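Q: Sharing a structure, written as structure tokens. Questions coming.
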Number of protein chains: 2
Amino acid sequence: MRKFAQDWGVQLVHVEVVHYLNRCNRYSDTTQALSEYLGQTKGSISQTIGFLEAEGYLKRIQDKTDKRVFHLHLLAKGRSLAREFEKLFSFPPNFFEDDLSLERVLVHLQKANSLKSFDLCKTCRFNSNPSGSSFVCGLTGEKLSHEDVGKICREHQPITG
Amino acid sequence: MRKFAQDWGVQLVHVEVVHYLNRCNRYSDTTQALSEYLGQTKGSISQTIGFLEAEGYLKRIQDKTDKRVFHLHLLAKGRSLAREFEKLFSFPPNFFEDDLSLERVLVHLQKANSLKSFDLCKTCRFNSNPSGSSFVCGLTGEKLSHEDVGKICREHQPITG
DNA sequence: TCAAATTAGTTTAGATTCGATACTAATGGG
DNA sequence: CCCATTAGTATCGAATCTAAACTAATTTGA
């Protein structure tokens, strides 16, 4: 992955940021969420975002209702990097199932994230499917598309709790 | 992995260095080898090593025959970090076999490493087993123990080539 | 309702990493 | 012995990173 970052003329952390933004939902595409996801301070992430914006990988878009929040939107260059990265470093959906080592990793990450799981929306206990055809988030009350529930959410909590 | 590094109060690169040193052989535990493995300049690695030495993770040991070379020897603190890391992030030996995605990753890494494979000694074309009981490296002419051939070597070249 | 607490994000300073380059020292080849 | 190569360090400038102080917007709660 370091070599991949080097090919693009960026640091490893930049690749991780872009890769994350390409997979997270609209509640999770902010500086604060990235700070929690990567375990780095907000200030550090803020500067990293500044670099990525200056290099044309993404742009900041102010939230319409909460003016403190800026959503980080990938531009073509950013999506291109993410696509290349995922082509090389992604695994098939069921690749990791039924393995004890992965279990250990996940348990540790869960602890390291202070019990934040940063997992897919569709596996979250707040996600309900009342009408049978559309999803709703129990936290925000918003309706969610099929594409929405396939993304990473910072508010994720496992169903079994 | 970033969270793990944070728990130890170090950067990700330090974890990678210690993890590598815990798995490489005596031809590969040097600043130069690390520079090639991580794809960073020698100067950068030199400073990183300086930090790890000051923090008590490792010590430099001058080579007896080639006085330019300094072997990087993990101390108790370094071995402890490596052990914890491997407990969390290692997979069973056969976990990755027979998968096309991994094939793509390896091919890319091979290219990114300028065709240096940094693989296990026992899978190297220079490794021979003339007596049937002990291994010999065709490059250095040295006898190798069973433990030796299970380590990473910077001079590694695949058997089929 | 309104002051206090919380949250999102930026800025700053100091330590560290990083790349590029120049440098010292040791080795090896002709 | 000269010269090229190799291992490693030193230095500079740019960038990352943490910690802390800061602004601004939102939420809390008495």
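In the structure tokens, the first chain shown is A, the next is B, and so on; residue numbers restart at 1 for each chain, and ligands run from 1 in the order shown.
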List the neighbours of C:DA5 out to 10 Å using only C-alpha atoms (C1' of nucleotides); skip same-chain residues closer than 6 positions along the sequence, and give me the result as a list in words.
A: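 After dropping sequence-adjacent residues, the list is DT27, DT28 and DG29 of chain D.
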Q: What are the residues of chain D that have an atom within 10 Å of an atom of chain A, counting only C-alpha atoms (C1' of nucleotides), as an MDAnalysis selection string?
A: chainID D and resid 15:19 24:26
Q: Find the residue from A:Asp148, A:Thr65, A:Glu55, A:Val10 that sits nearest to C:DC18; use only C-alpha atoms (C1' of nucleotides) when measuring.
A: A:Val10
Q: Under the rule of at most 10 Å, produce a per-residue listing of chain C near chain B: chain, number, name, the closest pair of atoms, and the distance in Å, as a Markdown table, using only C-alpha atoms (C1' of nucleotides).
A:
```
| residue | atom | partner | partner_atom | distance |
| --- | --- | --- | --- | --- |
| C:DT16 | C1' | B:Thr48 | CA | 8.8 |
| C:DT17 | C1' | B:Ser44 | CA | 7.2 |
| C:DC18 | C1' | B:Ser44 | CA | 6.0 |
| C:DG19 | C1' | B:Thr41 | CA | 6.8 |
| C:DA20 | C1' | B:Thr41 | CA | 9.0 |
| C:DA25 | C1' | B:Arg68 | CA | 7.2 |
| C:DA26 | C1' | B:Arg68 | CA | 5.5 |
| C:DT27 | C1' | B:Asp66 | CA | 7.7 |
```
Q: I'd like the contact shell of D:DT9 - 9 Å cut-off, only C-alpha atoms (C1' of nucleotides), skipping same-chain residues fewer than 6 positions apart - returned as number ranges by chain.
A: B: 43, 46; C: 23-24
Q: Could you write out the selected residues, including C-alpha atoms (C1' of nucleotides), as a PDB file, in the first residue's frame?
A:
```
ATOM      1  CA  GLY B  43      17.961   8.999   5.105  1.00  0.00           C
ATOM      2  CA  SER B  46      18.029   6.209   9.250  1.00  0.00           C
TER       3      SER B  46
ATOM      4  C1'  DC C  23      28.534  13.772   2.721  1.00  0.00           C
ATOM      5  C1'  DT C  24      31.854  10.051   5.245  1.00  0.00           C
TER       6       DT C  24
END
```
Q: List the spatial neighbours of stretch 80-90 of chain B as a ChimeraX atom specification - criterion: any atom at most 6 Å away, only C-alpha atoms (C1' of nucleotides), same-chain residues fewer than 2 positions off excluded.
A: /A:105 /B:19,76-78
Q: Which distance in Å separates atom CA of A:Cys137 and atom CA of A:Val149, to one decimal?
A: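 Those two atoms sit 9.4 Å apart.
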Q: Identify which of the residues A:Lys59, A:Arg26, A:His73, A:Lys3 lies closest to chain B, counting only C-alpha atoms when measuring atom-to-atom distances.
A: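 Closest candidate: A:Lys3.
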Q: Calculated over only C-alpha atoms (C1' of nucleotides), which of the candidates C:DT6, C:DT1, C:DT21, C:DT11 has the smallest distance to D:DG13?
A: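 Using only C-alpha atoms (C1' of nucleotides), D:DG13 sits closest to C:DT21.
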Q: Quick check for you: according to DSSP on this backbone, which residues of stretch 59-94 of chain B are classed as alpha helix (DSSP H)? Reply as an MDAnalysis selection string.
A: chainID B and resid 76:89
Q: So that I can see what lies close to D:DA4, please list as an MDAnalysis selection string the residues with an atom at most 12 Å from it, counting only C-alpha atoms (C1' of nucleotides) and leaving out residues fewer than 4 positions away in the same chain.
A: chainID C and resid 27:30
Q: I'd like the interatomic distance between atom CA of A:Asp29 and atom CA of A:Gly141, to a tenth of an Å.
A: 18.6 Å
Q: Using atom CA of A:Ile61 and atom CA of A:Val17 as the two end points, give the distance in Å to one decimal.
A: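 One can read the atom CA of A:Ile61 to atom CA of A:Val17 distance as 16.4 Å.
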Q: Need the shell around C:DT12: protein/DNA/RNA residues with any atom at most 10 Å away, counting only C-alpha atoms (C1' of nucleotides). Skip same-chain ones fewer than 4 positions apart. Format as a PyMOL selection string?
A: chain D and resi 20-22
Q: Looking at B:Leu12, B:Arg23, B:Gly39, B:Gly50, which one is nearest to chain A, with distances taken over only C-alpha atoms?
A: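 Nearest candidate to chain A out of B:Leu12, B:Arg23, B:Gly39, B:Gly50: B:Gly39.
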